[in-house]
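Asker: Encoded as structure tokens, here's the structure I'll be asking about.
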Amino acid sequence: MFVTAVVFSDVILAVHIAAVVLTFGVIFAYPVIYLAAGQLDARAMPWYYRIRVLLGRRLISPGLLLVLAAGIYLAAHLHQWKHFYTQWGVAVVVVIGGIGGAFLTPREKKLAELAERDVAAGGGGAVTWSAEYRALSRLVAIVDALLLVLILATVYVMTVHAG
């Protein structure tokens with residue numbers, strides 16, 4: 001018979017990993033959802049950007065806090081503060097949270113408004129995106145791509161250097 005003990009730090013590690021998957025997984029889904037929404041019906045774009053704002057507030061921001069809190073606990077408990085991967089992880093969570101709150105959310109709200117305006121201007125016909133919408137959409141896509149690269153770099157740092 002095996003007797004297993006639940007170690008609190010193992011539970012926190014599991015919470016940390018689950019929070020990372022849930023928080024960052026949705027960010028990787030954005031490009032797929034964007035392409036699908038645009039191809040299926042351009043009139044869905046206001047909805048797409050409103051959903052991004054909602055996910056940012058209700059999933060990504062709380063998830064980042066959970067990732068950070070669990071990571072801080074683990075770094076302290078395991079005496080890992082001196083290691084690069086620990087400092088990198090904390091910095092990345094702060095950077096992603098800052099970019100999300102200060103940069104992406106206001107622009108996602110603006111894109112929802114612009115998309116709604118452009119959809120309304122099309123009446124029942126084809127939607128023609130304004131230059132303002134296209135430029136802002138392109139900027140958000142570039143920042144999204146940079147965040148994805150940062151997240152993938154962090155996965156590399158964490159798996160190679162923490163293991």
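By order in the structure tokens, chains are A, B, ...; within a chain, residues start at 1; ligands start at 1, following the order shown.
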At a cut-off of 12 Å, using only C-alpha atoms, what residues contact Val11 (chain A)? Leave out same-chain residues fewer than 5 positions from it and give the result as JSON, numbers by chain.

Answerer: {"A": [5, 6, 16, 17, 18, 70, 73, 74]}

Asker: With N, CA, C and O atoms retained, write the just-selected residues as a compact mmCIF listing (two decimals), in the first residue's frame.

Answerer:
```txt
# COMPACT_ATOMS: atom_id res chain seq x y z
N ALA A 5 1.60 11.78 0.73
CA ALA A 5 1.36 12.99 1.52
C ALA A 5 1.22 14.15 0.55
O ALA A 5 1.92 14.24 -0.45
N VAL A 6 0.29 15.01 0.83
CA VAL A 6 0.12 16.20 0.02
C VAL A 6 1.06 17.25 0.58
O VAL A 6 0.99 17.62 1.75
N HIS A 16 0.17 27.16 -9.84
CA HIS A 16 0.98 28.05 -10.66
C HIS A 16 0.95 27.63 -12.14
O HIS A 16 0.68 28.44 -13.03
N ILE A 17 1.17 26.35 -12.38
CA ILE A 17 1.18 25.84 -13.76
C ILE A 17 -0.20 25.95 -14.39
O ILE A 17 -0.34 26.37 -15.55
N ALA A 18 -1.25 25.61 -13.65
CA ALA A 18 -2.62 25.73 -14.18
C ALA A 18 -2.94 27.18 -14.51
O ALA A 18 -3.55 27.47 -15.56
N ALA A 70 1.67 32.73 -6.76
CA ALA A 70 2.18 31.36 -6.61
C ALA A 70 3.67 31.31 -6.91
O ALA A 70 4.42 30.61 -6.22
N TYR A 73 5.57 32.69 -3.94
CA TYR A 73 5.60 31.69 -2.86
C TYR A 73 6.65 30.62 -3.17
O TYR A 73 7.46 30.27 -2.30
N LEU A 74 6.62 30.10 -4.39
CA LEU A 74 7.56 29.03 -4.75
C LEU A 74 9.01 29.51 -4.70
O LEU A 74 9.89 28.81 -4.20
```

Asker: Tell me which protein, DNA and RNA residues are within 9 Å of region 131-134 of chain A, counting only C-alpha atoms, leaving out same-chain ones fewer than 3 positions away, and put them as JSON, numbers by chain.

Answerer: {"A": [110, 111, 114, 115, 118, 137, 138, 139]}

Asker: Do a neighbour search on region 20-35 of chain A at 7 Å with only C-alpha atoms, toss out local chain neighbours closer than 2 positions, and write the hits as an mmCIF file with C-alpha atoms, in the first residue's frame.

Answerer:
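Generated output (around_31.cif):
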```
data_model
loop_
_atom_site.group_PDB
_atom_site.id
_atom_site.type_symbol
_atom_site.label_atom_id
_atom_site.label_comp_id
_atom_site.auth_asym_id
_atom_site.auth_seq_id
_atom_site.Cartn_x
_atom_site.Cartn_y
_atom_site.Cartn_z
ATOM 1 C CA HIS A 16 0.982 28.054 -10.664
ATOM 2 C CA ILE A 17 1.181 25.836 -13.759
ATOM 3 C CA ALA A 18 -2.615 25.727 -14.183
ATOM 4 C CA ALA A 37 -14.401 36.113 -36.921
ATOM 5 C CA GLY A 38 -13.123 38.166 -39.838
ATOM 6 C CA GLN A 39 -13.654 35.384 -42.358
ATOM 7 C CA LEU A 59 -9.353 35.838 -16.845
ATOM 8 C CA ILE A 60 -5.973 37.306 -17.783
ATOM 9 C CA GLY A 63 -4.628 34.848 -13.741
ATOM 10 C CA LEU A 64 -1.529 37.032 -13.810
ATOM 11 C CA VAL A 67 0.753 33.276 -11.452
ATOM 12 C CA LEU A 148 3.390 35.679 -27.834
#
```

Asker: Taking into account only C-alpha atoms, which residue in the set A:Gly122, A:Gly89, A:Gly100, A:Gly71 is nearest to His161 (chain A)?

Answerer: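 Answer, going by the shortest atom-to-atom distance: A:Gly89.
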
Asker: So how far away is CA of Ser61 (chain A) from CA of Val95 (chain A), in Å?

Answerer: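 Taking CA of Val95 (chain A) and CA of Ser61 (chain A), their separation equals 12.0 Å.
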
Asker: Give me, as a ChimeraX atom specification, the residues of chain A that a backbone DSSP run labels alpha helix (DSSP H).

Answerer: /A:8-40,45-55,61-77,84-98,105-121,131-161

Asker: Counting only C-alpha atoms, which of A:Ala141, A:Leu104, A:Ala36, A:Val92 gets nearest to Val155 (chain A)?

Answerer: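 Using only C-alpha atoms, the shortest distance to Val155 (chain A) belongs to A:Val92.
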
Asker: Which residues are near Pro62 (chain A)? Cut-off 12 Å, only C-alpha atoms, ignore same chain within fewer than 4 positions. Put them as a count of residues only.

Answerer: 17

Asker: May I ask which of the residues A:Val140, A:Leu150, A:Ala42, A:Leu78 is the closest one to Ala91 (chain A), counting only C-alpha atoms?

Answerer: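 When distances to Ala91 (chain A) are compared using only C-alpha atoms, the smallest one comes from A:Leu150.
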
Asker: Could you please determine the separation between CA of Ile72 (chain A) and CA of Leu13 (chain A) in Å, to one decimal place?

Answerer: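 About the pair CA of Ile72 (chain A) and CA of Leu13 (chain A): they are 10.8 Å apart.
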
Asker: Within 9 Å of Leu147 (chain A), counting only C-alpha atoms, which residues show up once you throw out same-chain ones fewer than 3 positions away? Write them as JSON, numbers by chain, please.

Answerer: {"A": [27, 96, 99, 142, 143, 144, 150, 151, 152]}

Asker: Quick one: write out the picked residues with C-alpha atoms as a tab-separated table (two decimals), in the first residue's frame?

Answerer:
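Resulting contents of again_11.tsv:
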```tsv
chain	number	residue	atom	x	y	z
A	27	ILE	CA	-3.71	34.88	-25.60
A	96	ILE	CA	2.45	41.51	-19.62
A	99	ILE	CA	1.01	46.09	-21.51
A	142	ILE	CA	2.01	43.57	-33.64
A	143	VAL	CA	1.88	43.94	-29.86
A	144	ASP	CA	0.01	40.63	-29.62
A	150	LEU	CA	7.75	36.89	-24.94
A	151	ILE	CA	5.55	34.11	-23.55
A	152	LEU	CA	7.30	31.47	-25.68
```

Asker: Which is closer to Asp10 (chain A) than all the others in A:His77, A:Met45, A:Glu113, A:Val53, using only C-alpha atoms?

Answerer: A:His77
